[in-house]
Amino acid sequence: MTKIGIVGGTGYTGVELLRLLVGHPHVQLHAVTSRAEAGTRIADLYPNLRGHLDLSFTEPNLEQLSACDLVFFATPNGTAMQLTPDLLAAGVRVIDLAADFRLQDPHSWQKWYEIPHTCPELLSEAVYGLPEWHREAIAQARVVANPGCYPTAVQLGLLPLLSAGLVDTDSLIADAKSGVSGAGRKASVGMLMGEVGESFKAYNVHGHRHLPEICQELNRVVDRPVHLTFVPHLLPMIRGIHATLYATLVKEVSNEELQEVFTQRYADEAFIDVLPFAGHPETRSVRGTNRCQLAVHRPQQGKQLVILSVIDNLVKGAAGQAIQNMNIMLGFPEKSGLNHVGLLP
Ligand SMILES: NC(=O)C1=CN([C@@H]2O[C@H](COP(=O)(O)OP(=O)(O)OC[C@H]3O[C@@H](n4cnc5c(N)ncnc54)[C@H](OP(=O)(O)O)[C@@H]3O)[C@@H](O)[C@H]2O)C=CC1
Ligand SMILES: CC(=O)N[C@@H](CCC(=O)OP(=O)(O)O)C(=O)O
């Protein structure tokens with residue numbers, strides 16, 4: 001069995017990794033860390049895992065992690081970069097669910113994350129882990145930068161149009177809404193029920209740190225830098241992201257051809273479900289799953305396209321996509337441990 005480590009096993013993405021990995025047929029959890037809960041049995045803290053996992057949290061420990069084949073970091077930004085060089089030297093592959101290896105430019109990293117990068121030499125080697133667009137590079141990678149949650153929903157919806165050269169690169173809009181689990185498990189006043197419940201607001205309109213990540217990746221498929229307006233919103237729900245994406249057509253195409261751009265591009269993708277033209281995907285349909293559901297709209301038959309994209313931020317937006325990347329890196333069937341149906345209601 002392949003040995004897996006998780007640094008940051010008590011957070012929302014960490015416990016989601018645990019939920020998914022205990023059902024994985026080809027891997028065995030070897031080390032799960034938490035500084036605050038070291039010594040606590042994992043199933044005592046998370047009783048949903050009773051009977052599935054007989055392991056206790058440990059302090060992050062290089063020796064124990066070095067005995068793993070692959071280590072996930074489900075930790076705050078700036079944590080994975082501290083241990084990754086030593087793990088790579090020990091022959092361990094790394095998937096970071098945070099942003100440490102997502103931005104290729106260390107200056108951009110420092111500007112948006114306000115921490116100097118401690119291993120900028122690894123940035124060009126790290127592979128951006130959006131499997132539907134970088135599968136071959138992921139298979140060979142020693143370090144995978146798991147995409148952010150908003151960037152996953154936005155890119156999966158916009159990349160097919162941009163790579164087909166169908167839309168204006170200067171006027172892209174991503175109007176995205178997230179549930180509160182996107183902010184993690186740590187206590188914060190802004191995430192209290194009394195602050196978030198029965199309310200709805202935009203935030204970071206002036207610039208969210210996912211903006212440079214999305215633009216970096218969209219720029220790979222176009223010949224001039226994109227201009228994207230990205231507005232995140234906080235919804236009073238726990239899981240899910242709904243991205244409403246706007247793009248302006250620059251070529252004459254029929255609705256059938258538009259739909260085909262998506263259905264053909266994602267025909268072989270197990271985790272991308274393109275709904276019939278003008279469908280309305282719901283976050284609850286993908287809740288608990290590694291799926292992204294997409295739908296293409298063209299209101300009033302005009303040049304303005306509207307693409308709807310929904311994911312579960314903790315699964316396709318984090319832990320599920322990380323396991324999909326692990327499956328590709330380790331040569332397992334890509335759907336291993338990820339064959340779930342959405343939770344209704
Ligand atoms: N929530 C989401 O929807 C998404 C989150 N992400 C990213 O994934 C990462 C984890 O997110 P999330 O699970 O929400 O975060 P949480 O705040 O819920 O959990 C953080 C975890 O990291 C551990 N940790 C904190 N600081 C350190 C440290 N210095 N060294 C080692 N372990 C540490 C914590 O345990 P302890 O302090 O006990 O060690 C805890 O287990 C973040 O970078 C986040 O941006 C990415 C996509 C989506
Ligand atoms: C609702 C909410 O607060 N969402 C978080 C999402 C960030 C996140 O999860 O970070 P990464 O995907 O970059 O790791 C935020 O906007 O900061």
# chains A, B, ... in the order shown; residues from 1 in each chain; ligands from 1

$ residues_near_ligand --ligand "ligand 2" --cutoff "8 Å" --atoms "only C-alpha atoms and all ligand atoms" --output "ChimeraX atom specification"
/A:76-77,97-99,147-151,178-184,203-204,208-210,232-235,313,317-318

$ write_last_selection --atoms "N, CA and C atoms" --output "PDB file, in the first residue's frame"
ATOM      1  N   PRO A  76      -2.327  26.516   6.238  1.00  0.00           N
ATOM      2  CA  PRO A  76      -2.393  27.899   5.758  1.00  0.00           C
ATOM      3  C   PRO A  76      -1.275  28.205   4.758  1.00  0.00           C
ATOM      4  N   ASN A  77      -1.506  29.231   3.953  1.00  0.00           N
ATOM      5  CA  ASN A  77      -0.498  29.660   2.993  1.00  0.00           C
ATOM      6  C   ASN A  77       0.826  29.917   3.707  1.00  0.00           C
ATOM      7  N   LEU A  97      -2.393  22.041  -0.901  1.00  0.00           N
ATOM      8  CA  LEU A  97      -3.744  22.567  -1.127  1.00  0.00           C
ATOM      9  C   LEU A  97      -3.786  24.084  -0.963  1.00  0.00           C
ATOM     10  N   ALA A  98      -2.735  24.643  -0.386  1.00  0.00           N
ATOM     11  CA  ALA A  98      -2.655  26.099  -0.245  1.00  0.00           C
ATOM     12  C   ALA A  98      -1.990  26.688  -1.495  1.00  0.00           C
ATOM     13  N   ALA A  99      -1.602  27.946  -1.400  1.00  0.00           N
ATOM     14  CA  ALA A  99      -1.191  28.669  -2.607  1.00  0.00           C
ATOM     15  C   ALA A  99       0.319  28.749  -2.811  1.00  0.00           C
ATOM     16  N   PRO A 147      -5.113  23.808  -7.254  1.00  0.00           N
ATOM     17  CA  PRO A 147      -5.712  25.129  -7.510  1.00  0.00           C
ATOM     18  C   PRO A 147      -6.601  25.611  -6.375  1.00  0.00           C
ATOM     19  N   GLY A 148      -6.806  26.922  -6.321  1.00  0.00           N
ATOM     20  CA  GLY A 148      -7.764  27.486  -5.378  1.00  0.00           C
ATOM     21  C   GLY A 148      -9.187  27.098  -5.764  1.00  0.00           C
ATOM     22  N   CYS A 149     -10.106  27.295  -4.825  1.00  0.00           N
ATOM     23  CA  CYS A 149     -11.495  26.887  -5.063  1.00  0.00           C
ATOM     24  C   CYS A 149     -12.161  27.761  -6.116  1.00  0.00           C
ATOM     25  N   TYR A 150     -12.136  29.080  -5.938  1.00  0.00           N
ATOM     26  CA  TYR A 150     -12.704  29.949  -6.981  1.00  0.00           C
ATOM     27  C   TYR A 150     -11.988  29.730  -8.324  1.00  0.00           C
ATOM     28  N   PRO A 151     -10.645  29.690  -8.339  1.00  0.00           N
ATOM     29  CA  PRO A 151      -9.974  29.499  -9.631  1.00  0.00           C
ATOM     30  C   PRO A 151     -10.404  28.223 -10.354  1.00  0.00           C
ATOM     31  N   SER A 178     -19.372  31.894  -2.685  1.00  0.00           N
ATOM     32  CA  SER A 178     -18.857  30.742  -1.942  1.00  0.00           C
ATOM     33  C   SER A 178     -19.595  30.562  -0.627  1.00  0.00           C
ATOM     34  N   GLY A 179     -19.684  29.325  -0.178  1.00  0.00           N
ATOM     35  CA  GLY A 179     -20.138  29.038   1.178  1.00  0.00           C
ATOM     36  C   GLY A 179     -19.031  29.327   2.176  1.00  0.00           C
ATOM     37  N   VAL A 180     -19.379  29.352   3.463  1.00  0.00           N
ATOM     38  CA  VAL A 180     -18.432  29.803   4.490  1.00  0.00           C
ATOM     39  C   VAL A 180     -17.294  28.821   4.777  1.00  0.00           C
ATOM     40  N   SER A 181     -17.444  27.542   4.416  1.00  0.00           N
ATOM     41  CA  SER A 181     -16.344  26.606   4.690  1.00  0.00           C
ATOM     42  C   SER A 181     -15.098  26.991   3.891  1.00  0.00           C
ATOM     43  N   GLY A 182     -15.256  27.821   2.862  1.00  0.00           N
ATOM     44  CA  GLY A 182     -14.113  28.320   2.094  1.00  0.00           C
ATOM     45  C   GLY A 182     -13.134  29.088   2.956  1.00  0.00           C
ATOM     46  N   ALA A 183     -13.602  29.603   4.079  1.00  0.00           N
ATOM     47  CA  ALA A 183     -12.715  30.393   4.946  1.00  0.00           C
ATOM     48  C   ALA A 183     -11.997  29.523   5.974  1.00  0.00           C
ATOM     49  N   GLY A 184     -12.227  28.205   5.965  1.00  0.00           N
ATOM     50  CA  GLY A 184     -11.530  27.325   6.895  1.00  0.00           C
ATOM     51  C   GLY A 184     -12.234  27.224   8.239  1.00  0.00           C
ATOM     52  N   TYR A 203     -17.060  40.700  -1.356  1.00  0.00           N
ATOM     53  CA  TYR A 203     -15.875  41.108  -0.601  1.00  0.00           C
ATOM     54  C   TYR A 203     -14.669  41.135  -1.532  1.00  0.00           C
ATOM     55  N   ASN A 204     -13.622  41.838  -1.077  1.00  0.00           N
ATOM     56  CA  ASN A 204     -12.369  41.944  -1.850  1.00  0.00           C
ATOM     57  C   ASN A 204     -12.588  42.307  -3.321  1.00  0.00           C
ATOM     58  N   HIS A 208      -8.789  40.204  -5.136  1.00  0.00           N
ATOM     59  CA  HIS A 208      -8.711  38.999  -4.293  1.00  0.00           C
ATOM     60  C   HIS A 208      -7.477  38.223  -4.736  1.00  0.00           C
ATOM     61  N   ARG A 209      -6.821  37.502  -3.814  1.00  0.00           N
ATOM     62  CA  ARG A 209      -5.565  36.827  -4.169  1.00  0.00           C
ATOM     63  C   ARG A 209      -5.753  35.695  -5.183  1.00  0.00           C
ATOM     64  N   HIS A 210      -6.992  35.327  -5.460  1.00  0.00           N
ATOM     65  CA  HIS A 210      -7.203  34.347  -6.531  1.00  0.00           C
ATOM     66  C   HIS A 210      -7.149  34.986  -7.923  1.00  0.00           C
ATOM     67  N   PRO A 232     -15.743  38.078  -5.697  1.00  0.00           N
ATOM     68  CA  PRO A 232     -16.215  36.991  -4.833  1.00  0.00           C
ATOM     69  C   PRO A 232     -17.314  37.470  -3.876  1.00  0.00           C
ATOM     70  N   HIS A 233     -18.205  36.578  -3.529  1.00  0.00           N
ATOM     71  CA  HIS A 233     -19.301  36.870  -2.588  1.00  0.00           C
ATOM     72  C   HIS A 233     -19.369  35.751  -1.549  1.00  0.00           C
ATOM     73  N   LEU A 234     -19.875  36.105  -0.374  1.00  0.00           N
ATOM     74  CA  LEU A 234     -20.044  35.114   0.696  1.00  0.00           C
ATOM     75  C   LEU A 234     -21.523  34.786   0.861  1.00  0.00           C
ATOM     76  N   LEU A 235     -21.847  33.511   0.713  1.00  0.00           N
ATOM     77  CA  LEU A 235     -23.237  33.064   0.813  1.00  0.00           C
ATOM     78  C   LEU A 235     -23.498  32.414   2.168  1.00  0.00           C
ATOM     79  N   ASN A 313     -16.567  23.480  -2.906  1.00  0.00           N
ATOM     80  CA  ASN A 313     -15.250  24.079  -2.658  1.00  0.00           C
ATOM     81  C   ASN A 313     -14.313  23.145  -1.904  1.00  0.00           C
ATOM     82  N   GLY A 317     -12.939  21.757  -5.341  1.00  0.00           N
ATOM     83  CA  GLY A 317     -12.187  22.986  -5.049  1.00  0.00           C
ATOM     84  C   GLY A 317     -11.017  22.774  -4.109  1.00  0.00           C
ATOM     85  N   ALA A 318     -10.803  21.554  -3.599  1.00  0.00           N
ATOM     86  CA  ALA A 318      -9.703  21.336  -2.650  1.00  0.00           C
ATOM     87  C   ALA A 318      -9.349  19.839  -2.545  1.00  0.00           C
TER      88      ALA A 318
END

$ select_by_dssp --residues "range 80-315 of chain A" --states "helix (DSSP H, G or I)" --output "ChimeraX atom specification"
/A:80-89,106-113,120-122,131-140,149-163,180-183,189-191,193-196,210-221,255-265,283-286,299-301,315

$ atom_distance --atom1 "CA of Gly9 in chain A" --atom2 "CA of Ile272 in chain A"
27.4 Å

$ closest_residue --among "A:Val127, A:Leu17, A:Val253, A:Leu330" --to "ligand 1" --atoms "only C-alpha atoms and all ligand atoms"
A:Leu17

$ closest_residue --among "A:Leu103, A:Leu70, A:Ala36, A:Leu53" --to "Asn325 in chain A" --atoms "only C-alpha atoms"
A:Leu70

$ atom_distance --atom1 "CA of Ala174 in chain A" --atom2 "CA of Met326 in chain A"
28.6 Å

$ closest_residue --among "A:Ala80, A:Val94, A:Val144, A:Leu45" --to "ligand 1" --atoms "only C-alpha atoms and all ligand atoms"
A:Ala80

$ select_by_dssp --residues "range 291-329 of chain A" --states "strand (DSSP E)" --output "PyMOL selection string"
chain A and resi 292-297+304-311

$ atom_distance --atom1 "atom 2 (C, counted along the ligand's line) of ligand 1" --atom2 "CA of Glu114 in chain A"
19.7 Å

$ residues_around --residues "Arg135 in chain A" --least-positions-apart "5" --cutoff "9 Å" --atoms "only C-alpha atoms" --output "number ranges by chain"
A: 129-130, 325, 328

$ closest_residue --among "A:Leu172, A:Leu245, A:Leu218, A:Ile238" --to "Val196 in chain A" --atoms "only C-alpha atoms"
A:Ile238

$ closest_residue --among "A:Ala74, A:Ala137, A:Cys119, A:Leu166" --to "ligand 1" --atoms "only C-alpha atoms and all ligand atoms"
A:Ala74

$ residues_around --residues "Phe57 in chain A" --least-positions-apart "2" --cutoff "9 Å" --atoms "only C-alpha atoms" --output "number ranges by chain"
A: 9-10, 31-35, 37-42, 55, 59

$ residues_around --residues "Glu125 in chain A" --least-positions-apart "6" --cutoff "10 Å" --atoms "only C-alpha atoms" --output "NGL selection string"
:A and (101 or 104 or 141-144)
